[in-house]
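**Q** To be precise about what I am sending: the file is called entry_1.tsv and holds TSV, C-alpha atoms.
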```tsv
chain	number	residue	atom	x	y	z
A	1	MET	CA	17.02	-32.62	-80.58
A	2	ILE	CA	17.06	-32.39	-76.81
A	3	GLY	CA	13.88	-33.43	-74.95
A	4	ASP	CA	11.77	-30.92	-73.03
A	5	GLU	CA	12.33	-32.57	-69.65
A	6	GLN	CA	16.07	-32.88	-70.18
A	7	LEU	CA	16.27	-29.26	-71.32
A	8	ALA	CA	14.28	-28.07	-68.29
A	9	GLN	CA	16.54	-30.08	-65.97
A	10	GLU	CA	19.75	-28.76	-67.57
A	11	ILE	CA	18.49	-25.19	-67.27
A	12	LYS	CA	17.45	-25.77	-63.65
A	13	GLU	CA	20.94	-27.09	-62.83
A	14	LEU	CA	22.63	-24.20	-64.62
A	15	VAL	CA	20.49	-21.62	-62.80
A	16	SER	CA	21.05	-23.45	-59.51
A	17	LYS	CA	24.83	-23.10	-59.87
A	18	ILE	CA	24.64	-19.41	-60.75
A	19	ILE	CA	22.22	-18.36	-58.00
A	20	LYS	CA	23.70	-20.82	-55.46
A	21	VAL	CA	20.36	-22.40	-54.56
A	22	PRO	CA	20.06	-26.22	-54.43
A	23	VAL	CA	18.30	-27.70	-57.47
A	24	ALA	CA	15.73	-29.37	-55.21
A	25	LYS	CA	14.68	-25.98	-53.83
A	26	ILE	CA	13.99	-24.41	-57.22
A	27	ASP	CA	10.35	-24.45	-58.29
A	28	PRO	CA	10.07	-24.07	-62.09
A	29	GLN	CA	7.11	-21.72	-61.51
A	30	ALA	CA	8.86	-19.57	-58.86
A	31	ASN	CA	9.46	-15.94	-59.79
A	32	LEU	CA	13.19	-15.69	-60.46
A	33	PHE	CA	13.41	-12.15	-59.16
A	34	ARG	CA	10.96	-12.09	-56.26
A	35	ASP	CA	11.23	-15.70	-55.00
A	36	LEU	CA	14.77	-16.73	-55.95
A	37	GLY	CA	16.61	-13.43	-55.51
A	38	VAL	CA	17.89	-13.10	-59.08
A	39	ASP	CA	19.01	-9.57	-59.86
A	40	SER	CA	19.88	-8.03	-63.23
A	41	LEU	CA	23.53	-9.09	-62.96
A	42	LEU	CA	22.60	-12.71	-62.23
A	43	SER	CA	20.06	-12.73	-65.07
A	44	VAL	CA	22.77	-11.57	-67.48
A	45	GLU	CA	25.04	-14.34	-66.17
A	46	ILE	CA	22.26	-16.93	-66.60
A	47	PHE	CA	21.63	-15.94	-70.21
A	48	ALA	CA	25.34	-15.69	-71.02
A	49	SER	CA	25.72	-19.27	-69.73
A	50	LEU	CA	22.72	-20.43	-71.78
A	51	ASP	CA	24.12	-18.72	-74.87
A	52	LYS	CA	27.45	-20.48	-74.33
A	53	LYS	CA	25.96	-23.91	-73.54
A	54	TYR	CA	23.45	-24.02	-76.39
A	55	GLY	CA	25.10	-21.66	-78.90
A	56	LEU	CA	22.18	-19.26	-78.77
A	57	ASP	CA	21.90	-15.55	-79.25
A	58	VAL	CA	18.76	-14.74	-77.29
A	59	PRO	CA	17.21	-11.44	-78.44
A	60	GLU	CA	17.22	-8.93	-75.58
A	61	ASP	CA	13.59	-7.98	-76.09
A	62	LYS	CA	12.64	-11.61	-75.31
A	63	LEU	CA	14.41	-11.47	-71.93
A	64	ARG	CA	11.85	-9.00	-70.56
A	65	ASP	CA	9.18	-11.72	-70.77
A	66	VAL	CA	11.14	-14.16	-68.60
A	67	VAL	CA	9.78	-14.49	-65.06
A	68	CYS	CA	10.35	-18.13	-64.08
A	69	LEU	CA	12.40	-21.19	-65.06
A	70	ASN	CA	9.62	-22.47	-67.28
A	71	ASP	CA	9.84	-19.20	-69.25
A	72	ILE	CA	13.59	-19.69	-69.68
A	73	ALA	CA	13.06	-23.28	-70.87
A	74	ALA	CA	10.38	-22.18	-73.36
A	75	LEU	CA	12.59	-19.39	-74.68
A	76	VAL	CA	15.62	-21.67	-75.09
A	77	LYS	CA	13.45	-24.33	-76.77
A	78	ASP	CA	12.07	-21.71	-79.15
A	79	CYS	CA	15.57	-20.40	-79.99
A	80	LEU	CA	16.88	-23.94	-80.54
A	81	ALA	CA	13.96	-24.76	-82.84
A	82	LYS	CA	14.67	-21.68	-84.97
A	83	LYS	CA	18.36	-22.57	-85.10
A	84	VAL	CA	17.80	-26.04	-86.57
```
Show this structure as structure tokens.
**A**
Amino acid sequence: MIGDEQLAQEIKELVSKIIKVPVAKIDPQANLFRDLGVDSLLSVEIFASLDKKYGLDVPEDKLRDVVCLNDIAALVKDCLAKKV
């Protein structure tokens, strides 16, 4: 099983590539939409990439609760735990 810190870092790097913001400038608590400029299209791309990378099928109703990177990491961790 992947560690929490490693998972958070992988997600941060993945999001960084998609939104074209340097990893160092991404605060895990920053609001993805308000602070980092993520729109609905980018959020779909982020979750499609996560689904592909981790083999997840994230329920759409869970996506509404995601506001920051830490939320994404918690959601991915939860989905991975249920998958095992």
**Q** Determine the nearest neighbour of A:Gly55 from the options A:Cys68, A:Leu32, A:Ala74, A:Cys79, counting all atoms listed in the file.
**A**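 Ranking A:Cys68, A:Leu32, A:Ala74, A:Cys79 by distance to A:Gly55, first place goes to A:Cys79.
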**Q** Name the residues in contact with A:Asn70 at a cut-off of 7 Å, using all atoms listed in the file, excluding same-chain residues fewer than 3 positions from it; report them as a ChimeraX atom specification.
**A** /A:28-29,73-74
**Q** Using only C-alpha atoms, which protein or nucleic acid residues come within 12 Å of A:Ser43? Drop anything in the same chain fewer than 6 positions from it, and give the result as an mmCIF file with C-alpha atoms, keeping the file's coordinate frame.
**A**
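The file below, part.cif, is the result:
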```cif
data_model
loop_
_atom_site.group_PDB
_atom_site.id
_atom_site.type_symbol
_atom_site.label_atom_id
_atom_site.label_comp_id
_atom_site.auth_asym_id
_atom_site.auth_seq_id
_atom_site.Cartn_x
_atom_site.Cartn_y
_atom_site.Cartn_z
ATOM 1 C CA LEU A 14 22.630 -24.200 -64.620
ATOM 2 C CA VAL A 15 20.490 -21.620 -62.800
ATOM 3 C CA ILE A 18 24.640 -19.410 -60.750
ATOM 4 C CA ILE A 19 22.220 -18.360 -58.000
ATOM 5 C CA LEU A 32 13.190 -15.690 -60.460
ATOM 6 C CA PHE A 33 13.410 -12.150 -59.160
ATOM 7 C CA LEU A 36 14.770 -16.730 -55.950
ATOM 8 C CA GLY A 37 16.610 -13.430 -55.510
ATOM 9 C CA SER A 49 25.720 -19.270 -69.730
ATOM 10 C CA LEU A 50 22.720 -20.430 -71.780
ATOM 11 C CA GLU A 60 17.220 -8.930 -75.580
ATOM 12 C CA LEU A 63 14.410 -11.470 -71.930
ATOM 13 C CA ARG A 64 11.850 -9.000 -70.560
ATOM 14 C CA VAL A 66 11.140 -14.160 -68.600
ATOM 15 C CA VAL A 67 9.780 -14.490 -65.060
ATOM 16 C CA CYS A 68 10.350 -18.130 -64.080
ATOM 17 C CA LEU A 69 12.400 -21.190 -65.060
ATOM 18 C CA ILE A 72 13.590 -19.690 -69.680
#
```
**Q** Rounded to one decimal in Å, what is the spacing between atom CA of A:Tyr54 and atom CA of A:Glu10?
**A**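 Value for the atom CA of A:Tyr54-atom CA of A:Glu10 distance: 10.7 Å.
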**Q** Just want the 8 Å neighbourhood of A:Ile26, counted on only C-alpha atoms, with same-chain residues fewer than 5 positions away dropped. Output as a list in words.
**A** Lys12, Ser16, Val21 and Leu36 of chain A
**Q** Which of these, A:Asp61, A:Val23, A:Leu56, A:Phe47, has the shortest distance to A:Leu80 once you count only C-alpha atoms?
**A**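 Closest to A:Leu80, using only C-alpha atoms: A:Leu56.
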**Q** Which of these, A:Ala24, A:Lys77, A:Lys62, A:Leu41, has the shortest distance to A:Ile2 once you count all atoms listed in the file?
**A**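 Counting all atoms listed in the file, the residue closest to A:Ile2 is A:Lys77.
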**Q** Which of these, A:Asp27, A:Asp35, A:Glu45, A:Asp51, has the shortest distance to A:Val76 once you count all atoms listed in the file?
**A** A:Asp51
**Q** Distance atom CA of A:Ala30-atom CA of A:Ile46, one decimal place?
**A**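 Taking atom CA of A:Ala30 as the start and atom CA of A:Ile46 as the end point, the length is 15.7 Å.
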**Q** Could you jot down the atom CA of A:Pro59 to atom CA of A:Lys25 separation for me, Å, one decimal place?
**A**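 Computed distance, atom CA of A:Pro59 to atom CA of A:Lys25, equals 28.7 Å.
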